>>> print(open('upload.cif').read())   # mmCIF, C-alpha atoms
data_entry
loop_
_atom_site.label_atom_id
_atom_site.label_comp_id
_atom_site.auth_asym_id
_atom_site.auth_seq_id
_atom_site.Cartn_x
_atom_site.Cartn_y
_atom_site.Cartn_z
CA MET A 25 -15.05 9.80 -24.05
CA GLU A 26 -14.89 9.56 -27.83
CA ASN A 27 -17.61 11.35 -29.80
CA ASN A 28 -18.00 9.43 -33.07
CA ASN A 29 -20.46 11.96 -34.49
CA LEU A 30 -23.15 14.31 -33.23
CA LYS A 31 -25.55 11.45 -32.50
CA ASN A 32 -23.31 8.73 -31.09
CA PHE A 33 -21.00 8.63 -28.11
CA LYS A 34 -18.52 5.85 -27.36
CA TYR A 35 -17.20 4.94 -23.92
CA LYS A 36 -14.55 2.37 -22.97
CA GLY A 37 -15.14 0.18 -19.95
CA VAL A 38 -14.10 -3.09 -18.34
CA ILE A 39 -16.23 -5.96 -17.09
CA HIS A 40 -15.23 -8.83 -14.76
CA ILE A 41 -13.12 -7.41 -11.93
CA HIS A 42 -12.41 -8.87 -8.49
CA SER A 43 -11.65 -6.84 -5.37
CA LEU A 44 -10.64 -7.54 -1.78
CA ASN A 45 -14.21 -8.71 -1.26
CA SER A 46 -13.40 -11.97 -3.05
CA ASP A 47 -10.04 -13.01 -4.50
CA GLY A 48 -8.68 -9.68 -5.73
CA SER A 49 -6.18 -7.46 -3.94
CA GLY A 50 -7.60 -3.95 -4.37
CA ASP A 51 -10.33 -1.83 -2.84
CA ILE A 52 -12.79 0.19 -4.91
CA GLU A 53 -10.87 3.43 -4.44
CA GLY A 54 -7.64 1.92 -5.77
CA ILE A 55 -9.36 0.00 -8.57
CA SER A 56 -11.18 3.12 -9.78
CA LYS A 57 -7.92 5.10 -9.76
CA ALA A 58 -6.34 2.41 -11.93
CA ALA A 59 -9.33 2.57 -14.26
CA LYS A 60 -9.01 6.35 -14.54
CA LYS A 61 -5.30 6.07 -15.37
CA ALA A 62 -6.12 3.43 -17.98
CA GLY A 63 -8.52 5.81 -19.72
CA LEU A 64 -11.77 4.06 -18.81
CA SER A 65 -15.13 5.73 -18.28
CA TRP A 66 -16.84 2.86 -16.42
CA ILE A 67 -16.13 -0.48 -14.79
CA ILE A 68 -18.23 -3.35 -13.45
CA VAL A 69 -16.90 -5.09 -10.33
CA THR A 70 -18.06 -8.71 -10.14
CA ASP A 71 -16.81 -10.39 -6.98
CA HIS A 72 -17.43 -14.08 -6.38
CA ASN A 73 -20.69 -14.66 -4.48
CA TYR A 74 -20.61 -11.10 -3.10
CA PHE A 75 -22.93 -8.15 -3.75
CA ASP A 76 -22.27 -5.44 -1.15
CA THR A 77 -19.93 -3.22 -3.18
CA GLN A 78 -20.82 0.47 -2.87
CA GLU A 79 -21.58 1.77 -6.34
CA GLY A 80 -21.00 5.34 -7.41
CA ILE A 81 -18.67 7.71 -9.20
CA TYR A 82 -15.12 7.21 -7.95
CA ASN A 83 -12.26 9.26 -9.41
CA ASP A 84 -14.49 10.26 -12.36
CA VAL A 85 -15.17 6.59 -13.16
CA TYR A 86 -18.65 5.05 -12.96
CA VAL A 87 -18.31 1.98 -10.71
CA ILE A 88 -21.15 -0.53 -11.09
CA LYS A 89 -21.52 -3.77 -9.17
CA GLY A 90 -22.50 -7.21 -10.40
CA GLU A 91 -22.01 -10.66 -8.94
CA GLU A 92 -20.04 -13.58 -10.31
CA ILE A 93 -22.21 -16.45 -9.11
CA SER A 94 -19.54 -19.06 -8.59
CA PRO A 95 -20.19 -22.73 -7.91
CA LYS A 96 -17.00 -24.59 -7.07
CA ASN A 97 -16.19 -26.44 -10.27
CA GLU A 98 -18.12 -24.96 -13.23
CA ASN A 99 -20.88 -22.68 -14.53
CA HIS A 100 -19.73 -19.27 -13.32
CA TYR A 101 -22.29 -16.60 -14.19
CA ILE A 102 -21.95 -12.83 -14.09
CA ALA A 103 -25.26 -11.36 -12.96
CA LEU A 104 -26.00 -7.70 -13.74
CA ASN A 105 -28.83 -5.36 -12.73
CA ILE A 106 -29.88 -7.55 -9.81
CA ASN A 107 -31.06 -6.28 -6.43
CA ASN A 108 -29.80 -8.93 -4.02
CA LYS A 109 -27.03 -11.49 -3.76
CA ILE A 110 -27.80 -14.81 -5.44
CA GLU A 111 -26.38 -18.04 -4.03
CA PRO A 112 -24.62 -20.54 -6.30
CA ASN A 113 -26.22 -23.91 -6.97
CA GLU A 114 -25.17 -27.14 -8.67
CA ASN A 115 -28.04 -26.54 -11.09
CA PRO A 116 -27.28 -23.29 -12.98
CA GLN A 117 -30.85 -22.98 -14.20
CA ILE A 118 -31.85 -22.10 -10.64
CA TYR A 119 -29.69 -18.97 -10.52
CA ILE A 120 -30.30 -18.10 -14.19
CA ASP A 121 -34.00 -17.99 -13.33
CA GLU A 122 -33.38 -16.06 -10.11
CA VAL A 123 -31.41 -13.41 -11.99
CA ARG A 124 -34.36 -12.97 -14.35
CA LYS A 125 -36.81 -12.82 -11.43
CA GLN A 126 -34.86 -9.85 -10.15
CA ASN A 127 -35.18 -8.22 -13.60
CA GLY A 128 -31.49 -8.78 -14.21
CA PHE A 129 -29.57 -10.60 -16.89
CA GLY A 130 -26.39 -12.64 -16.96
CA PHE A 131 -23.42 -13.93 -18.92
CA ALA A 132 -21.79 -17.36 -18.89
CA VAL A 133 -18.12 -16.54 -18.27
CA HIS A 134 -14.97 -18.29 -19.51
CA PRO A 135 -17.19 -21.06 -20.94
CA ASP A 136 -14.50 -22.95 -22.87
CA GLU A 137 -11.32 -23.23 -20.83
CA PHE A 138 -8.84 -25.90 -21.90
CA LYS A 139 -9.46 -29.23 -20.19
CA GLU A 140 -5.78 -30.16 -20.52
CA ARG A 141 -3.51 -27.51 -19.01
CA ASN A 142 0.21 -27.41 -18.28
CA ASN A 143 -0.41 -25.96 -14.82
CA LYS A 144 -2.18 -26.73 -11.56
CA TYR A 145 -5.22 -24.50 -12.16
CA PRO A 146 -8.29 -26.56 -13.09
CA PRO A 147 -10.52 -25.26 -15.87
CA ILE A 148 -13.92 -23.80 -15.00
CA ASN A 149 -16.28 -24.26 -17.94
CA TRP A 150 -19.97 -23.84 -18.70
CA ASN A 151 -22.42 -26.70 -19.21
CA LYS A 152 -23.98 -25.84 -22.56
CA ASN A 153 -27.17 -27.71 -21.77
CA PHE A 154 -28.09 -24.49 -19.95
CA THR A 155 -28.69 -21.36 -22.02
CA PRO A 156 -27.53 -18.05 -20.51
CA ASP A 157 -28.75 -14.58 -21.44
CA GLY A 158 -25.35 -13.74 -22.92
CA ILE A 159 -21.78 -15.02 -23.27
CA GLU A 160 -18.36 -13.77 -22.26
CA ILE A 161 -16.70 -14.71 -25.54
CA TRP A 162 -13.21 -13.54 -24.54
CA ASN A 163 -11.65 -13.59 -21.08
CA TRP A 164 -8.05 -12.35 -20.81
CA PHE A 165 -7.09 -14.19 -17.62
CA SER A 166 -8.77 -17.38 -18.77
CA CYS A 167 -6.91 -17.38 -22.09
CA TRP A 168 -3.66 -16.72 -20.26
CA GLY A 169 -4.38 -19.59 -17.86
CA ASP A 170 -5.00 -21.92 -20.80
CA LYS A 171 -1.50 -21.17 -22.15
CA LEU A 172 0.34 -20.88 -18.82
CA ASN A 173 3.13 -23.47 -18.70
CA SER A 174 4.46 -24.05 -15.19
CA LYS A 175 6.50 -27.19 -15.95
CA ASN A 176 9.78 -25.48 -15.14
CA ILE A 177 11.20 -22.09 -14.14
CA PHE A 178 11.92 -21.10 -17.75
CA THR A 179 8.44 -21.74 -19.16
CA LEU A 180 6.94 -20.15 -16.06
CA ALA A 181 9.08 -17.02 -16.44
CA PHE A 182 8.14 -16.78 -20.12
CA SER A 183 4.45 -16.99 -19.26
CA TYR A 184 4.74 -14.01 -16.89
CA LEU A 185 7.27 -11.84 -18.70
CA PHE A 186 5.71 -12.26 -22.15
CA LYS A 187 2.12 -12.60 -21.03
CA HIS A 188 0.61 -10.81 -24.02
CA ARG A 189 2.08 -13.40 -26.40
CA LEU A 190 -0.18 -15.96 -24.76
CA ILE A 191 -3.31 -14.00 -25.67
CA SER A 192 -4.13 -14.57 -29.33
CA LYS A 193 -7.86 -14.30 -30.00
CA ALA A 194 -11.30 -15.16 -28.68
CA PRO A 195 -11.73 -18.95 -28.38
CA GLN A 196 -13.31 -20.39 -31.50
CA LYS A 197 -15.54 -22.69 -29.45
CA SER A 198 -17.04 -19.69 -27.66
CA LEU A 199 -17.62 -17.84 -30.93
CA GLN A 200 -19.29 -20.89 -32.47
CA TRP A 201 -21.57 -21.35 -29.46
CA TRP A 202 -22.46 -17.66 -29.53
CA ASP A 203 -23.35 -17.89 -33.22
CA GLU A 204 -25.41 -21.02 -32.60
CA LEU A 205 -27.44 -19.33 -29.86
CA ASN A 206 -27.99 -16.28 -32.04
CA SER A 207 -29.24 -18.47 -34.88
CA LYS A 208 -31.99 -19.83 -32.61
CA LYS A 209 -33.43 -16.50 -31.49
CA GLN A 210 -34.72 -13.45 -33.29
CA ALA A 211 -33.32 -11.13 -30.63
CA ILE A 212 -29.59 -10.64 -30.10
CA ILE A 213 -27.77 -12.86 -27.62
CA PRO A 214 -25.19 -10.29 -26.47
CA ALA A 215 -21.49 -10.89 -25.92
CA ILE A 216 -18.97 -9.24 -23.63
CA GLY A 217 -15.24 -9.43 -23.15
CA GLY A 218 -13.80 -9.76 -19.65
CA VAL A 219 -10.42 -9.09 -18.11
CA ASP A 220 -11.03 -11.22 -14.98
CA ALA A 221 -8.73 -8.87 -13.09
CA HIS A 222 -7.46 -9.91 -9.65
CA ALA A 223 -4.11 -8.11 -9.23
CA LEU A 224 -2.95 -11.21 -7.37
CA LYS A 225 -0.44 -10.72 -4.54
CA VAL A 226 2.42 -13.20 -4.42
CA LYS A 227 4.04 -13.38 -0.97
CA LYS A 228 6.09 -16.56 -1.03
CA TYR A 229 9.26 -14.90 -2.37
CA PHE A 230 11.67 -12.52 -0.64
CA LEU A 231 9.81 -9.45 -1.82
CA PRO A 232 6.03 -9.69 -2.36
CA PHE A 233 4.75 -8.50 -5.70
CA ILE A 234 1.51 -8.19 -7.65
CA ILE A 235 0.82 -10.25 -10.74
CA PHE A 236 -1.01 -8.32 -13.46
CA PRO A 237 -1.90 -5.04 -11.71
CA TYR A 238 -5.33 -3.57 -12.38
CA LYS A 239 -4.07 -0.72 -14.55
CA SER A 240 -2.22 -3.05 -16.93
CA MET A 241 -5.20 -5.38 -17.16
CA PHE A 242 -7.52 -2.47 -17.87
CA LYS A 243 -5.46 -1.72 -20.98
CA THR A 244 -6.28 -5.09 -22.52
CA ILE A 245 -9.82 -6.31 -23.23
CA ASN A 246 -12.33 -3.45 -23.17
CA ASN A 247 -16.00 -3.15 -24.03
CA VAL A 248 -16.78 -0.02 -26.03
CA ILE A 249 -20.44 0.94 -25.68
CA THR A 250 -22.22 3.20 -28.17
CA LEU A 251 -24.86 5.59 -26.82
CA LYS A 252 -27.24 8.06 -28.46
CA GLU A 253 -26.71 10.54 -25.62
CA PRO A 254 -23.66 11.38 -23.49
CA LEU A 255 -23.31 9.55 -20.19
CA SER A 256 -25.28 11.40 -17.55
CA ASP A 257 -23.60 13.14 -14.62
CA ASP A 258 -26.22 11.46 -12.44
CA PHE A 259 -24.91 8.03 -11.45
CA LYS A 260 -28.31 6.33 -11.39
CA ILE A 261 -29.11 7.46 -14.92
CA ALA A 262 -25.60 6.66 -16.19
CA LYS A 263 -25.77 3.17 -14.69
CA GLU A 264 -29.00 2.55 -16.57
CA GLN A 265 -27.39 3.77 -19.80
CA ILE A 266 -24.40 1.43 -19.38
CA ILE A 267 -26.41 -1.59 -18.25
CA ASN A 268 -28.94 -1.23 -21.07
CA ALA A 269 -26.15 -0.92 -23.64
CA ILE A 270 -24.58 -4.18 -22.44
CA LYS A 271 -27.93 -5.97 -22.28
CA ASN A 272 -28.81 -4.88 -25.82
CA GLY A 273 -25.40 -5.72 -27.28
CA ASN A 274 -24.52 -2.08 -28.02
CA ASN A 275 -20.84 -2.85 -27.50
CA THR A 276 -17.75 -3.90 -29.40
CA ILE A 277 -15.02 -5.92 -27.68
CA ILE A 278 -11.47 -4.74 -28.35
CA ASN A 279 -7.99 -5.67 -27.13
CA ARG A 280 -6.27 -2.33 -26.57
CA HIS A 281 -2.88 -4.00 -26.23
CA ILE A 282 -3.10 -4.87 -29.92
CA LEU A 283 -4.29 -1.43 -31.02
CA ASN A 284 -5.51 1.42 -28.83
CA VAL A 285 -8.18 2.78 -31.16
CA ILE A 286 -11.94 2.36 -31.38
CA PRO A 287 -12.94 0.86 -34.74
CA ASN A 288 -16.07 2.20 -36.39
CA ILE A 289 -18.53 -0.55 -37.32
CA GLU A 290 -21.96 0.33 -38.69
CA ILE A 291 -24.59 -0.56 -41.26
CA SER A 292 -26.38 2.20 -43.16
CA ASN A 293 -29.31 2.20 -45.55
CA SER A 294 -30.90 5.10 -47.39
CA LEU A 295 -32.66 6.29 -44.21
CA LYS A 296 -30.60 5.50 -41.11
CA THR A 297 -27.42 4.11 -39.59
CA ALA A 298 -27.33 1.21 -37.13
CA HIS A 299 -24.59 0.21 -34.71
CA CYS A 300 -24.05 -2.94 -32.67
CA GLY A 301 -27.23 -4.30 -31.12
CA GLU A 302 -29.51 -2.34 -33.44
CA ILE A 303 -31.89 -3.17 -36.32
CA LEU A 304 -32.47 -1.64 -39.74
CA ASN A 305 -34.23 -2.52 -42.99
CA LEU A 306 -32.49 -3.85 -46.08
CA ASP A 307 -32.76 -1.67 -49.16
CA LYS A 308 -30.72 -1.15 -52.32
CA LYS A 309 -28.35 1.21 -50.50
CA THR A 310 -27.52 -0.92 -47.45
CA TYR A 311 -23.79 -0.93 -46.72
CA LEU A 312 -21.70 -2.37 -43.92
CA LYS A 313 -18.85 0.01 -43.12
CA VAL A 314 -15.75 -0.74 -41.07
CA ASN A 315 -12.90 1.67 -40.35
CA VAL A 316 -9.84 0.53 -38.40
CA ASN A 317 -7.23 3.16 -39.42
CA LYS A 318 -4.66 0.35 -39.64
CA LYS A 319 -4.30 -2.45 -42.15
CA ALA A 320 -6.12 -5.44 -40.71
CA LEU A 321 -7.93 -8.63 -41.65
CA ILE A 322 -11.61 -7.70 -41.58
CA LYS A 323 -14.11 -10.56 -41.48
CA VAL A 324 -17.86 -10.15 -41.95
CA ILE A 325 -19.92 -12.92 -40.37
CA LEU A 326 -23.54 -13.39 -41.45
CA ASN A 327 -25.70 -15.76 -39.38
CA GLY A 328 -22.61 -17.49 -38.04
CA ARG A 329 -20.89 -18.00 -41.42
CA GLU A 330 -18.09 -16.01 -42.98
CA LEU A 331 -19.57 -13.88 -45.76
CA TYR A 332 -16.63 -11.71 -46.72
CA LYS A 333 -13.08 -10.87 -45.72
CA CYS A 334 -10.44 -8.41 -46.82
CA VAL A 335 -7.11 -7.00 -45.70
CA ALA A 336 -7.49 -3.24 -45.53
CA LYS A 337 -7.85 -0.21 -43.26
CA LYS A 338 -11.54 0.06 -44.07
CA CYS A 339 -14.37 -1.92 -45.60
CA ASP A 340 -17.47 -0.71 -47.48
CA LEU A 341 -19.61 -3.74 -48.38
CA LEU A 342 -22.97 -3.67 -50.17
CA LEU A 343 -25.40 -5.99 -48.38
CA THR A 344 -28.03 -8.01 -50.22
CA GLN A 345 -29.19 -10.45 -47.53
CA ILE A 346 -31.12 -10.18 -44.31
CA GLY A 347 -29.77 -11.63 -41.06
CA LYS A 348 -27.42 -10.95 -38.17
CA TYR A 349 -24.11 -9.37 -39.17
CA ARG A 350 -21.11 -9.21 -36.91
CA VAL A 351 -17.49 -8.22 -37.57
CA GLU A 352 -14.13 -9.60 -36.48
CA ILE A 353 -10.92 -7.63 -36.92
CA HIS A 354 -7.52 -9.35 -36.69
CA ILE A 355 -4.13 -7.67 -36.72
CA ASN A 356 -0.89 -9.63 -37.18
CA ASN A 357 -2.85 -12.87 -36.72
CA LYS A 358 -4.22 -11.74 -33.35
CA GLY A 359 -7.77 -10.87 -32.45
CA PHE A 360 -8.33 -7.16 -32.04
CA ALA A 361 -12.09 -6.52 -32.22
CA TYR A 362 -15.35 -8.47 -32.10
CA SER A 363 -18.61 -6.64 -32.62
CA ASN A 364 -22.02 -7.62 -31.40
CA PRO A 365 -24.48 -8.27 -34.22
CA ILE A 366 -26.45 -5.74 -36.20
CA ILE A 367 -29.76 -7.12 -37.47
CA VAL A 368 -30.82 -6.43 -41.04
CA ILE A 369 -34.46 -7.25 -41.81
#
>>> encode(input="upload.cif", output="structure tokens")
Amino acid sequence: MENNNLKNFKYKGVIHIHSLNSDGSGDIEGISKAAKKAGLSWIIVTDHNYFDTQEGIYNDVYVIKGEEISPKNENHYIALNINNKIEPNENPQIYIDEVRKQNGFGFAVHPDEFKERNNKYPPINWNKNFTPDGIEIWNWFSCWGDKLNSKNIFTLAFSYLFKHRLISKAPQKSLQWWDELNSKKQAIIPAIGGVDAHALKVKKYFLPFIIFPYKSMFKTINNVITLKEPLSDDFKIAKEQIINAIKNGNNTIINRHILNVIPNIEISNSLKTAHCGEILNLDKKTYLKVNVNKKALIKVILNGRELYKCVAKKCDLLLTQIGKYRVEIHINNKGFAYSNPIIVI
């Protein structure tokens, strides 16, 4: 846990994890141990078309279950805060509506995979005629799969041995779609980052081995939630805190492999301070503040358009316009952090 100040508490977690119950290799005990070693406070396990995971506190990590509703060829949807398993359907609107009927919410995942890949794995995209509740704007395994080159043994070895070089930044198409959806609604359309962890076992060689173990994946794309109160020791209450934070967009997406710090992103006026997913009024003392503690390219996006950028460790920008503000932070030409919007009215 990182306490930003007396009123705000920040917790790192990972969304989009697969276990033995679908196409992953680990059980909940082992996955939670990996999460603990990776410095996480919470994780959300989202097996394909499966919803019988036993939630709880394992190894001091809050383990929450969701479901990745997974039709065969496209439109995978992570459903959170549901009560019962939801079957996939060729028409995604059917399960989007069913998630809402159960008082849940969902995210279109890996919506913009490359259609032309240099490997045998077909892309699984999202049909943008259907509007989800939120978007997974950055998926580690998906981005790696887009760049995986299996044409020969040398390109294949490079893809595995130097895997982090294949992960550059959140896909621009996903960011543009996210901004478009946010421009159409007054409320925030939230975004998450996903690792899509499987810890795949490879058995066809002399000695079996695991590709991308859970612990190493958990040190890549994290969601950092900001809370007004510490996470409760009671699992039921803590789950509600985490789920509500994700639903409201109270999270910033970071790639810890690039930099293992939590950037501070906030907007303050003369009366209050707002963080991701929150609202405040514009006055003559409204400032957007960013602190990275490392020289970085800081971009301020207002209503989907770049308003300001600088190369610095911190940013202190006077705001004069209403709208939805979000921040991107890039280090050495790689994406490091993407905040959910803060609304200024």
>>> resolve_selection(input="upload.cif", expression="the PyMOL selection byres ((chain A and resi 127-136) around 9)", output="JSON, numbers by chain")
{"A": [40, 92, 98, 99, 100, 101, 102, 103, 104, 105, 106, 107, 120, 122, 123, 124, 125, 126, 137, 138, 139, 147, 148, 149, 150, 151, 152, 155, 156, 157, 158, 159, 160, 161, 162, 163, 166, 167, 195, 197, 198, 214, 215, 216, 218, 271]}
>>> atom_distance(input="upload.cif", atom1="atom CA of Lys260 of chain A", atom2="atom CA of Ile68 of chain A")
14.1 Å
>>> residues_near_point(input="upload.cif", point="(-14.2, 0.9, -46.1)", cutoff="12 Å", atoms="all atoms listed in the file", output="PyMOL selection string")
chain A and resi 287-291+311-320+322+333-342
>>> residues_around(input="upload.cif", residues="Ile234 of chain A", least_positions_apart="2", cutoff="10 Å", atoms="all atoms listed in the file", output="ChimeraX atom specification")
/A:49,222-227,232,236-238
>>> write_last_selection(input="upload.cif", atoms="C-alpha atoms", output="mmCIF file, keeping the file's coordinate frame")
data_model
loop_
_atom_site.group_PDB
_atom_site.id
_atom_site.type_symbol
_atom_site.label_atom_id
_atom_site.label_comp_id
_atom_site.auth_asym_id
_atom_site.auth_seq_id
_atom_site.Cartn_x
_atom_site.Cartn_y
_atom_site.Cartn_z
ATOM 1 C CA SER A 49 -6.180 -7.460 -3.940
ATOM 2 C CA HIS A 222 -7.460 -9.910 -9.650
ATOM 3 C CA ALA A 223 -4.110 -8.110 -9.230
ATOM 4 C CA LEU A 224 -2.950 -11.210 -7.370
ATOM 5 C CA LYS A 225 -0.440 -10.720 -4.540
ATOM 6 C CA VAL A 226 2.420 -13.200 -4.420
ATOM 7 C CA LYS A 227 4.040 -13.380 -0.970
ATOM 8 C CA PRO A 232 6.030 -9.690 -2.360
ATOM 9 C CA PHE A 236 -1.010 -8.320 -13.460
ATOM 10 C CA PRO A 237 -1.900 -5.040 -11.710
ATOM 11 C CA TYR A 238 -5.330 -3.570 -12.380
#
>>> resolve_selection(input="upload.cif", expression="the PyMOL selection byres ((chain A and resi 365) around 6)", output="list of chain:residue names")
A:Cys300, A:Gly301, A:Lys348, A:Tyr349, A:Arg350, A:Asn364, A:Ile366
>>> residues_around(input="upload.cif", residues="Tyr35 of chain A", least_positions_apart="4", cutoff="12 Å", atoms="only C-alpha atoms", output="ChimeraX atom specification")
/A:25-28,63-67,85-86,246-255,262,265-266,269-270,274-277,285-286
>>> closest_residue(input="upload.cif", among="A:Lys358, A:Thr344, A:Lys31, A:Gly50", to="Leu321 of chain A", atoms="only C-alpha atoms")
A:Lys358
>>> atom_distance(input="upload.cif", atom1="atom CA of Thr179 of chain A", atom2="atom CA of His281 of chain A")
22.2 Å
>>> resolve_selection(input="upload.cif", expression="the PyMOL selection byres ((chain A and resi 57) around 9)", output="ChimeraX atom specification")
/A:52-56,58-62,82-85,239
>>> atom_distance(input="upload.cif", atom1="atom CA of Ile81 of chain A", atom2="atom CA of Ile39 of chain A")
16.0 Å
>>> residues_near_point(input="upload.cif", point="(-29.9, -0.1, -51.7)", cutoff="8 Å", atoms="all atoms listed in the file", output="PyMOL selection string")
chain A and resi 293-294+306-311+342
>>> write_last_selection(input="upload.cif", atoms="C-alpha atoms", output="JSON list (two decimals), in the frame of the given file")
[["chain", "number", "residue", "atom", "x", "y", "z"],
["A", 293, "ASN", "CA", -29.31, 2.20, -45.55],
["A", 294, "SER", "CA", -30.90, 5.10, -47.39],
["A", 306, "LEU", "CA", -32.49, -3.85, -46.08],
["A", 307, "ASP", "CA", -32.76, -1.67, -49.16],
["A", 308, "LYS", "CA", -30.72, -1.15, -52.32],
["A", 309, "LYS", "CA", -28.35, 1.21, -50.50],
["A", 310, "THR", "CA", -27.52, -0.92, -47.45],
["A", 311, "TYR", "CA", -23.79, -0.93, -46.72],
["A", 342, "LEU", "CA", -22.97, -3.67, -50.17]]
>>> build_atoms(input="upload.cif", residues="segment 196-211 of chain A", atoms="N, CA, C and O atoms", output="mmCIF file, keeping the file's coordinate frame")
data_model
loop_
_atom_site.group_PDB
_atom_site.id
_atom_site.type_symbol
_atom_site.label_atom_id
_atom_site.label_comp_id
_atom_site.auth_asym_id
_atom_site.auth_seq_id
_atom_site.Cartn_x
_atom_site.Cartn_y
_atom_site.Cartn_z
ATOM 1 N N GLN A 196 -12.399 -20.068 -30.414
ATOM 2 C CA GLN A 196 -13.310 -20.390 -31.500
ATOM 3 C C GLN A 196 -14.550 -21.126 -31.008
ATOM 4 O O GLN A 196 -15.654 -20.917 -31.528
ATOM 5 N N LYS A 197 -14.384 -21.970 -29.995
ATOM 6 C CA LYS A 197 -15.540 -22.690 -29.450
ATOM 7 C C LYS A 197 -16.580 -21.726 -28.901
ATOM 8 O O LYS A 197 -17.777 -21.927 -29.077
ATOM 9 N N SER A 198 -16.114 -20.673 -28.231
ATOM 10 C CA SER A 198 -17.040 -19.690 -27.660
ATOM 11 C C SER A 198 -17.752 -18.914 -28.763
ATOM 12 O O SER A 198 -18.960 -18.645 -28.672
ATOM 13 N N LEU A 199 -17.012 -18.557 -29.807
ATOM 14 C CA LEU A 199 -17.620 -17.840 -30.930
ATOM 15 C C LEU A 199 -18.661 -18.707 -31.630
ATOM 16 O O LEU A 199 -19.745 -18.221 -31.997
ATOM 17 N N GLN A 200 -18.347 -19.984 -31.814
ATOM 18 C CA GLN A 200 -19.290 -20.890 -32.470
ATOM 19 C C GLN A 200 -20.561 -21.058 -31.644
ATOM 20 O O GLN A 200 -21.677 -21.058 -32.189
ATOM 21 N N TRP A 201 -20.398 -21.196 -30.341
ATOM 22 C CA TRP A 201 -21.570 -21.350 -29.460
ATOM 23 C C TRP A 201 -22.416 -20.084 -29.497
ATOM 24 O O TRP A 201 -23.653 -20.147 -29.571
ATOM 25 N N TRP A 202 -21.763 -18.947 -29.452
ATOM 26 C CA TRP A 202 -22.460 -17.660 -29.530
ATOM 27 C C TRP A 202 -23.268 -17.562 -30.821
ATOM 28 O O TRP A 202 -24.445 -17.188 -30.802
ATOM 29 N N ASP A 203 -22.650 -17.924 -31.941
ATOM 30 C CA ASP A 203 -23.350 -17.890 -33.220
ATOM 31 C C ASP A 203 -24.528 -18.864 -33.235
ATOM 32 O O ASP A 203 -25.601 -18.564 -33.775
ATOM 33 N N GLU A 204 -24.331 -20.034 -32.654
ATOM 34 C CA GLU A 204 -25.410 -21.020 -32.600
ATOM 35 C C GLU A 204 -26.612 -20.491 -31.819
ATOM 36 O O GLU A 204 -27.765 -20.628 -32.248
ATOM 37 N N LEU A 205 -26.341 -19.881 -30.668
ATOM 38 C CA LEU A 205 -27.440 -19.330 -29.860
ATOM 39 C C LEU A 205 -28.142 -18.190 -30.602
ATOM 40 O O LEU A 205 -29.372 -18.071 -30.548
ATOM 41 N N ASN A 206 -27.376 -17.374 -31.299
ATOM 42 C CA ASN A 206 -27.990 -16.280 -32.040
ATOM 43 C C ASN A 206 -28.825 -16.773 -33.214
ATOM 44 O O ASN A 206 -29.790 -16.122 -33.618
ATOM 45 N N SER A 207 -28.468 -17.934 -33.760
ATOM 46 C CA SER A 207 -29.240 -18.470 -34.880
ATOM 47 C C SER A 207 -30.599 -19.003 -34.440
ATOM 48 O O SER A 207 -31.499 -19.187 -35.258
ATOM 49 N N LYS A 208 -30.753 -19.243 -33.132
ATOM 50 C CA LYS A 208 -31.990 -19.830 -32.610
ATOM 51 C C LYS A 208 -32.987 -18.789 -32.112
ATOM 52 O O LYS A 208 -34.118 -19.130 -31.797
ATOM 53 N N LYS A 209 -32.550 -17.532 -32.023
ATOM 54 C CA LYS A 209 -33.430 -16.500 -31.490
ATOM 55 C C LYS A 209 -33.466 -15.295 -32.428
ATOM 56 O O LYS A 209 -32.463 -14.959 -33.065
ATOM 57 N N GLN A 210 -34.598 -14.650 -32.477
ATOM 58 C CA GLN A 210 -34.720 -13.450 -33.290
ATOM 59 C C GLN A 210 -33.962 -12.285 -32.657
ATOM 60 O O GLN A 210 -33.320 -11.498 -33.350
ATOM 61 N N ALA A 211 -34.041 -12.186 -31.334
ATOM 62 C CA ALA A 211 -33.320 -11.130 -30.630
ATOM 63 C C ALA A 211 -31.826 -11.457 -30.552
ATOM 64 O O ALA A 211 -31.400 -12.592 -30.793
#
